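Student: I have a structure I would like to understand better, so I am pasting it below and will then ask my questions one at a time.
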Amino acid sequence: MGGTRAVALLALGSFAMGTDAYAMAGLLPGIGADLHVSISLAGQSVTAFTLCYALAAPLCSAALGRRGTRTVLVTALVVFVLANAGTALTGSYAGLLGTRALAGAGAGLFTPAAATAAVALVPPERRGRALGLVLGGMSAGTVLGVPLGLLVAAHSGWRTALWLITALGAVALLGVATALPAVRAAAAPSLRARLGALTRPRVAAVVTVTFTQTVASLGLYTYLEPVLRRTADVGTAVPYLWVWGIGGVSGSLLAGTLVDRTGKPALLAVALLGTLGGALALLPWTGTVPGLVLLPLLVWGAVGWAFVVPQQHRLLAGQADGAAAVGLNSSATYLGGAVGSALGGLALAHGLDARWLPLPAAGVALAGVLLHLTAARGPARRTARARHGAEDRTGAAGATAADALERNTP
C-alpha cells in the first residue's frame, strides 16, 4: 500500500478519535439527566478523558515502545473500542469517569504514534500535508461524526451514540490491523526521553504554548452548548458544532500546505493563536444579529485545528528527539483541555453566566501569544550576540593586521 493510502488509514483512526472526543460536548445534557448529575459535573467526564490522555498515555506508550509503531496503533484502537463500549453500558457516574479515562488513554496512545507514522510514510517535502491529513481525519469527525452522533442521540439516546462511536473505532481497528504496511519509524520514545526533551528550552516553549492554546480552545468547547444557549438562544447545538467542525477540517488541511510552502511554522503558529483569541473575545456579542455567531465559530474551528500542524512540524523538523517532543505536545494538548474543562466547570458551578465564559478563554489564548513572542526573543538575541561577536572578532583581526603592516612599512 502506498504512503498516501496508508496515511488515509491513520486518518480513519483519527476520525474515530475526533468523533469520540468532540461528540461528548453535545451529549452532556443527556448523560447528566440519565445519571442524575449536573451538566458541569457531567463535563468532568471530558476532563477524565483529556487528563488520562495527557498523563497515562505517555506511560503506556513508553511501555510499548519496543513493540513497533503498528503494534502501538493496534493496541491503542483495541483500548479505545473497549472503553467506548464500556461507556455505552455504564449505569453510574463512577463508571462513566472510569471508561472515559480509559478511552482517553487509548486516544492518547494512538495520536502521537499516528503522527510519527504519517511522517515516516511519505517523502520529506510532503510531511506537512501528511500531518494535516491525519489531523484532518480528527477534525472531520467533528463535521461528520459529531452531528451524526448527536442526531442518533436525539432519536435513540446518548448510549446509542456511544455504540456508533464504538463501531467507528472497530472499523478503524480492522483497517489498521490488516492493511497498514510496516512503518519504518523510530520506536516510541521512553518516558526518560520524553522528559529529557522537555528540558530543551525550544521544545518546552512550544509545548507550553500548545498547553495555553488548548486550555482556551478545547476547554471552552466542552461547554459550547450552554454558551450558545446563552449567547444566541439556540435550541440545538448540532448545526453550530457542524460549522465549527467545517472550519476545523479546512484549517487543518490548509495549514499543512501553508507550512510546506512558506517554511515558517513559528510565524504561522503565532498568527493562528492571535486569531483564536480574537474570535473567542467576539463570541459573547454575536447574539444580537441572527446567524452572526456562526462567523467566530467557523474561525475558531479553523485556527484551533490548524494550530496543531505547525507546532508538530516545528518539533519534528531536524530533531533527534522529535517523536518524544511530539508525544509531549500531544500530552500538553489534552492536559490543556483537561484544565480548561475543569476550570470551565468550576466557573459555571460558581455562578458565572455561560455567555461570558469565552472571555477568560480568549485571555488565555492571548497570553499564549505573549509567551510565544517572549520565547522567540531569546534565540533571536543569542543569534544577534553571536553575529556581533563574530563581527567584533573579524574587526579586531583586521585592525591587528593593519597595525602590523604599518609597523613593518618603511
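Simple scheme: letters A, B, ... for chains in C-alpha cells order, numbers from 1 for residues in each chain, numbers from 1 for ligands in the order shown.
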Applying 9 Å and only C-alpha atoms, which residues near Ala279 (chain A) remain after dropping the ones on its own chain fewer than 3 positions away? List them as an MDAnalysis selection string.
Tutor: chainID A and resid 274:276 282:283 295:297 299:300 362
Student: Would you mind listing what lies within 8 Å of region 99-101 of chain A as a list in words, with only C-alpha atoms counted and same-chain residues fewer than 5 positions away left out?
Tutor: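 Everything that qualifies: Ser45, Val46, Ala48, Phe49, Thr50, Leu51, Cys52, Tyr53, Ala83, Asn84, Gly86 and Thr87 of chain A.
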Student: Among region 67-269 of chain A, which ones does DSSP assign to alpha helix (DSSP H) (computed from the backbone)? Answer as a PyMOL selection string.
Tutor: chain A and resi 69-89+93-121+127-140+146-156+158-179+191-198+201-221+224-232+238-262+265-269
Student: Just want the 8 Å neighbourhood of Thr212 (chain A), counted on only C-alpha atoms, with same-chain residues fewer than 5 positions away dropped. Output as an mmCIF file with C-alpha atoms, in the first residue's frame.
Tutor:
data_model
loop_
_atom_site.group_PDB
_atom_site.id
_atom_site.type_symbol
_atom_site.label_atom_id
_atom_site.label_comp_id
_atom_site.auth_asym_id
_atom_site.auth_seq_id
_atom_site.Cartn_x
_atom_site.Cartn_y
_atom_site.Cartn_z
ATOM 1 C CA GLY A 336 -4.751 21.849 28.463
ATOM 2 C CA VAL A 364 -5.589 32.589 27.958
ATOM 3 C CA ALA A 365 -5.119 32.424 24.163
ATOM 4 C CA ALA A 367 -1.391 35.072 26.995
ATOM 5 C CA GLY A 368 -0.118 32.238 24.800
#
Student: Using only C-alpha atoms, determine which residues lie at most 10 Å from Val176 (chain A), disregarding the query and same-chain residues fewer than 4 positions distant; provide the list as an NGL selection string.
Tutor: :A and (6 or 9-10 or 12-13 or 70-71 or 73-74 or 77 or 170-172 or 180-181)
Student: I need the chosen residues saved as a CSV table (one decimal), in the first residue's frame, with all heavy atoms.
Tutor:
chain,number,residue,atom,x,y,z
A,6,ALA,N,-1.8,4.7,3.1
A,6,ALA,CA,-1.5,4.3,4.5
A,6,ALA,C,-1.8,5.5,5.4
A,6,ALA,O,-2.4,5.3,6.5
A,6,ALA,CB,0.0,3.9,4.6
A,9,LEU,N,-5.4,5.6,6.1
A,9,LEU,CA,-5.9,4.7,7.2
A,9,LEU,C,-5.7,5.3,8.6
A,9,LEU,O,-6.5,5.2,9.5
A,9,LEU,CB,-5.0,3.4,7.1
A,9,LEU,CG,-5.5,2.3,6.1
A,9,LEU,CD1,-4.5,1.1,6.2
A,9,LEU,CD2,-6.9,1.9,6.4
A,10,LEU,N,-4.6,6.0,8.8
A,10,LEU,CA,-4.3,6.7,10.0
A,10,LEU,C,-5.4,7.8,10.2
A,10,LEU,O,-5.8,8.0,11.4
A,10,LEU,CB,-2.9,7.2,10.1
A,10,LEU,CG,-1.8,6.2,9.9
A,10,LEU,CD1,-0.4,6.9,9.8
A,10,LEU,CD2,-1.8,5.2,11.1
A,12,LEU,N,-8.4,7.7,9.2
A,12,LEU,CA,-9.6,7.0,9.6
A,12,LEU,C,-9.6,6.7,11.1
A,12,LEU,O,-10.7,7.0,11.7
A,12,LEU,CB,-9.7,5.6,8.8
A,12,LEU,CG,-10.9,4.7,9.2
A,12,LEU,CD1,-12.2,5.4,8.9
A,12,LEU,CD2,-10.8,3.4,8.5
A,13,GLY,N,-8.5,6.3,11.6
A,13,GLY,CA,-8.5,6.2,13.1
A,13,GLY,C,-8.6,7.5,13.8
A,13,GLY,O,-9.3,7.6,14.8
A,70,ARG,N,3.2,-0.1,14.5
A,70,ARG,CA,1.9,-0.7,14.1
A,70,ARG,C,1.3,-1.4,15.3
A,70,ARG,O,0.1,-1.3,15.5
A,70,ARG,CB,2.1,-1.7,13.0
A,70,ARG,CG,0.8,-2.3,12.5
A,70,ARG,CD,0.9,-2.9,11.1
A,70,ARG,NE,1.9,-3.9,11.1
A,70,ARG,CZ,2.2,-4.6,10.0
A,70,ARG,NH1,1.6,-4.3,8.8
A,70,ARG,NH2,3.2,-5.5,10.0
A,71,THR,N,2.1,-2.0,16.2
A,71,THR,CA,1.5,-2.7,17.4
A,71,THR,C,1.0,-1.6,18.3
A,71,THR,O,-0.1,-1.9,18.9
A,71,THR,CB,2.6,-3.5,18.1
A,71,THR,OG1,3.1,-4.5,17.2
A,71,THR,CG2,2.1,-4.2,19.4
A,73,LEU,N,-0.3,1.3,17.5
A,73,LEU,CA,-1.6,1.7,16.9
A,73,LEU,C,-2.7,0.8,17.1
A,73,LEU,O,-3.8,1.1,17.5
A,73,LEU,CB,-1.4,2.0,15.4
A,73,LEU,CG,-0.4,3.2,15.1
A,73,LEU,CD1,-0.1,3.2,13.6
A,73,LEU,CD2,-1.1,4.5,15.5
A,74,VAL,N,-2.4,-0.5,16.9
A,74,VAL,CA,-3.5,-1.5,17.1
A,74,VAL,C,-3.9,-1.6,18.5
A,74,VAL,O,-5.1,-1.7,18.9
A,74,VAL,CB,-3.0,-2.9,16.6
A,74,VAL,CG1,-4.0,-4.0,17.0
A,74,VAL,CG2,-2.9,-2.9,15.0
A,77,LEU,N,-6.2,1.3,19.5
A,77,LEU,CA,-7.5,1.1,19.0
A,77,LEU,C,-8.3,0.1,19.7
A,77,LEU,O,-9.5,0.2,19.9
A,77,LEU,CB,-7.5,0.8,17.5
A,77,LEU,CG,-7.1,2.0,16.6
A,77,LEU,CD1,-6.8,1.6,15.2
A,77,LEU,CD2,-8.2,3.1,16.6
A,170,ALA,N,-14.0,0.3,15.7
A,170,ALA,CA,-13.8,-1.1,15.3
A,170,ALA,C,-13.4,-1.1,13.8
A,170,ALA,O,-12.6,-1.9,13.4
A,170,ALA,CB,-15.1,-1.9,15.5
A,171,VAL,N,-14.1,-0.3,13.0
A,171,VAL,CA,-13.7,-0.3,11.6
A,171,VAL,C,-12.3,0.2,11.4
A,171,VAL,O,-11.5,-0.3,10.6
A,171,VAL,CB,-14.7,0.7,10.8
A,171,VAL,CG1,-14.2,0.9,9.4
A,171,VAL,CG2,-16.1,0.1,10.8
A,172,ALA,N,-11.9,1.3,12.1
A,172,ALA,CA,-10.5,1.8,12.1
A,172,ALA,C,-9.5,0.7,12.5
A,172,ALA,O,-8.5,0.5,11.9
A,172,ALA,CB,-10.4,3.0,12.9
A,180,LEU,N,-2.3,-1.7,7.1
A,180,LEU,CA,-1.2,-0.7,7.3
A,180,LEU,C,0.1,-1.4,7.1
A,180,LEU,O,0.4,-2.5,7.7
A,180,LEU,CB,-1.2,-0.1,8.7
A,180,LEU,CG,-0.3,1.0,9.0
A,180,LEU,CD1,-0.8,2.3,8.2
A,180,LEU,CD2,-0.1,1.3,10.5
A,181,PRO,N,1.0,-0.9,6.2
A,181,PRO,CA,2.3,-1.5,6.0
A,181,PRO,C,3.2,-1.3,7.2
A,181,PRO,O,2.9,-0.6,8.1
A,181,PRO,CB,2.8,-0.7,4.8
A,181,PRO,CG,2.2,0.6,4.8
A,181,PRO,CD,0.8,0.4,5.4
Student: Here is a test: counting only C-alpha atoms, which residue of A:Val369, A:Ala167, A:Met17, A:Leu348 is nearest to Ala76 (chain A)?
Tutor: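 Looking at the shortest contact to Ala76 (chain A), the residue is A:Met17.
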Student: Find the spatial neighbours of Gly340 (chain A), counting only C-alpha atoms, within a cut-off of 8 Å - ignore same-chain residues fewer than 3 positions away - and output them as a count of residues only.
Tutor: 10
Student: Please report the interatomic distance between CA of Asp353 (chain A) and CA of Val339 (chain A) in Å with one decimal.
Tutor: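 Spanning CA of Asp353 (chain A) to CA of Val339 (chain A) is a straight-line distance of 19.2 Å.
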Student: Ranking A:Gly304, A:Gly91, A:Pro290, A:Gly132 by minimum distance to Gln213 (chain A) and counting only C-alpha atoms, which one comes first?
Tutor: A:Gly304
Student: Sorted by chain and rising residue number, which residues of region 238-278 of chain A lie within 12 Å of region 143-150 of chain A, and what are their closest atom pairs and distances in Å to one decimal, counting only C-alpha atoms, as a tab-separated table?
Tutor:
residue	atom	partner	partner_atom	distance
A:Val238	CA	A:Pro147	CA	5.7
A:Pro239	CA	A:Pro147	CA	7.5
A:Tyr240	CA	A:Pro147	CA	9.4
A:Leu241	CA	A:Pro147	CA	7.2
A:Trp242	CA	A:Val143	CA	5.0
A:Val243	CA	A:Val143	CA	7.4
A:Trp244	CA	A:Val143	CA	7.7
A:Gly245	CA	A:Val143	CA	4.5
A:Ile246	CA	A:Val143	CA	5.6
A:Gly247	CA	A:Val143	CA	8.8
A:Gly248	CA	A:Val143	CA	8.2
A:Val249	CA	A:Val143	CA	7.7
A:Ser250	CA	A:Val143	CA	10.5
Student: One decimal, Å: what's the distance from CA of Ala204 (chain A) over to CA of Arg192 (chain A), could you say?
Tutor: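 Separation between CA of Ala204 (chain A) and CA of Arg192 (chain A): 15.0 Å.
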